[in-house]
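Asker: Provided herewith is a single structure, encoded as structure tokens, for subsequent inquiry.
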Amino acid sequence: MTKASDKEFVVLLEENQNIVHKICRLYTNGKDQHNDLFQEITIQLWRAFPKFRGDAKFSTWMYRVALNTAITLYRKSKRRIQTQDYDSVMYKITADEYDDTVEEQLKIMYAAVKELNDIDKALVFLYLEDKNYSEISETLGITEVNARVKMNRVKGKLRKILNP
Amino acid sequence: MIDELELLKQDWKKQEGSLPHLEAKDIYPMLLKKSSSIVKWIFVISIAEFLFWLVITFMPLDPETIKFMEEGHLKTFNTILLSIQFSGLAFFMVWFYKNYRKIQSTDSARVLMSNILNTRKTVKYYIWFNLTLFAISLIVVFSFLINHTPEKYADINHTYLIIASVGVSAVFIGILWLFYRIVYGILARRLEANYKELKRLEL
């Protein structure tokens, strides 16, 4: 690839890196794994970049490649698995703005989302990122109806965890 | 009651401030690193498997075996077997390469997973193709041995020969099956689980 496309890619990735970091947080435990997955996603994005034609937004295209890497291509290295409390990874939110109950609920929900299987996690992630069902179904390769049904089941699962 | 996920969604947006931030100078070196994706490993192992069978095919025979084959007119059989094996190798190599080329990270998760699993399946078929040929050749050679037992093996009971042929084939197939299970089990367990989950959604 040319130097110009190198630069273009790096600029786009730098601007949109939050998407990748959020996926890494969701799918990995600990800093080493986070960096590993970020690295792999970067490589996959870079490889696929020549096919990015600019007819879609870079970020939209990025969701697909990054999620595919997390749920399909990436192999977690066992030797690097660290048990880390989700508090330090996921839950760094400004909790002062909430009362204790909401804060507690959020904590439980973040922990519950982390425990979901890879596909459910992808669904929840896309939902939290404000993607509509048409985008969710296209990214995962399932029908829109099934995406809705599944999402409702996941909601039910989370609700049950919150209100046992 | 407030939708729990809506609550999470509101909070989710606030995490952006706590995310790590990489500069362009940190990203450039990443472009030069090598991928460690499962596709890469499946590709490397598959090529090793193709090479393994190629080496087995080209293993030099000792002069006594060649003499024995000539006496028993097994040379024609061997030539036919080699032709089938090489035609098979060419066919599977093309098929494997075509499947491998189809793997694109820009496809939907389901299509991507299905393409990876198909690539793996091609190699699996190739291994079974070779094992079948191997079994056929063992049967032919052993049945020849039973009918035209060379003098030095004349004392050996035919039943022994049959047991030996079945035993050798079983051990060989067993080892390969185990190898296959371990290697691809480690590589693709998670991928298979996710693919099943997506397929289950479509039922």
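Just so we're on the same page: first chain in the structure tokens is A, next is B, and so on; residues restart at 1 for each chain, and ligands are numbered from 1 in the order they show up.
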Tell me which protein, DNA and RNA residues are within 9 Å of stretch 159-172 of chain B, counting only C-alpha atoms, leaving out same-chain ones fewer than 6 positions away, and put them as a list in words.
Answerer: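 So the residues in contact are Leu131, Phe134, Ala135, Leu138, Ile139, Phe142, Ser143, Leu145 and Ile146 of chain B.
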Asker: Restricting the output to N, CA and C atoms, write the selected residues as a short mmCIF file (atom, residue, chain, number, x, y, z; two decimals), in the first residue's frame.
Answerer:
```cif
data_model
loop_
_atom_site.label_atom_id
_atom_site.label_comp_id
_atom_site.auth_asym_id
_atom_site.auth_seq_id
_atom_site.Cartn_x
_atom_site.Cartn_y
_atom_site.Cartn_z
N LEU B 131 -6.72 -41.09 3.72
CA LEU B 131 -6.87 -42.26 4.60
C LEU B 131 -7.58 -43.40 3.87
N PHE B 134 -5.21 -44.95 1.55
CA PHE B 134 -4.26 -45.71 2.36
C PHE B 134 -4.87 -47.06 2.75
N ALA B 135 -6.11 -47.02 3.18
CA ALA B 135 -6.79 -48.25 3.58
C ALA B 135 -6.95 -49.20 2.39
N LEU B 138 -3.68 -50.80 1.59
CA LEU B 138 -3.35 -51.84 2.58
C LEU B 138 -4.12 -53.12 2.29
N ILE B 139 -5.41 -52.95 1.98
CA ILE B 139 -6.24 -54.13 1.70
C ILE B 139 -5.69 -54.88 0.48
N PHE B 142 -2.26 -56.51 1.39
CA PHE B 142 -2.41 -57.66 2.30
C PHE B 142 -3.15 -58.83 1.64
N SER B 143 -4.13 -58.51 0.82
CA SER B 143 -4.83 -59.63 0.17
C SER B 143 -3.89 -60.31 -0.83
N LEU B 145 -0.66 -60.50 -0.34
CA LEU B 145 0.24 -61.27 0.53
C LEU B 145 -0.39 -62.60 0.93
N ILE B 146 -1.67 -62.56 1.21
CA ILE B 146 -2.37 -63.77 1.65
C ILE B 146 -2.41 -64.80 0.52
#
```
Asker: For a quick test of understanding: name the residues of chain A lying within 7 Å of chain B when counting only C-alpha atoms, and present them as number ranges by chain.
Answerer: A: 10-11, 14, 18, 21, 39-40, 42-43, 46, 48, 64-65, 68, 72-75, 92-93, 106, 118-119, 128, 138-142, 146, 155, 159
Asker: Can you check which residues of stretch 34-169 of chain B DSSP gives as alpha helix (DSSP H) on the backbone and send them as a PyMOL selection string?
Answerer: chain B and resi 38-58+63-71+74-102+109-147+158-169
Asker: Quote the spacing between atom CA of B:Tyr126 and atom CA of B:Ala90 in Å to one decimal place.
Answerer: 10.5 Å
Asker: Skip stretch 93-99 of chain B itself and residues of its chain fewer than 4 positions away, then list as JSON, numbers by chain all residues within 8 Å of it, counting only C-alpha atoms.
Answerer: {"B": [89, 103, 115, 116, 118, 119, 122, 123]}
Asker: Using only C-alpha atoms for the distances, tell me which of B:Phe179, B:Tyr184, B:Phe86, B:Trp41 is nearest to B:Tyr100.
Answerer: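 Selected residue with least distance to B:Tyr100: B:Trp41.
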Asker: Which one of B:Phe144, B:Phe77, B:Phe50, B:Phe43 sits closest to B:Phe129 if you count only C-alpha atoms?
Answerer: B:Phe50
Asker: Please list as a PDB file with C-alpha atoms, in the first residue's frame every residue within 8 Å of A:Met109, counting only C-alpha atoms and excluding residues in the same chain fewer than 6 positions away.
Answerer:
```
ATOM      1  CA  LEU A 158     -30.491  -8.926  32.209  1.00  0.00           C
ATOM      2  CA  ILE A 161     -30.316 -10.737  36.920  1.00  0.00           C
ATOM      3  CA  LEU A 162     -31.309  -7.324  38.238  1.00  0.00           C
TER       4      LEU A 162
ATOM      5  CA  LEU B   8     -26.971   1.082  30.511  1.00  0.00           C
TER       6      LEU B   8
END
```
Asker: Determine the nearest neighbour of B:Trp128 from the options B:Phe52, B:Trp177, B:Phe58, B:Phe68, counting only C-alpha atoms.
Answerer: B:Trp177
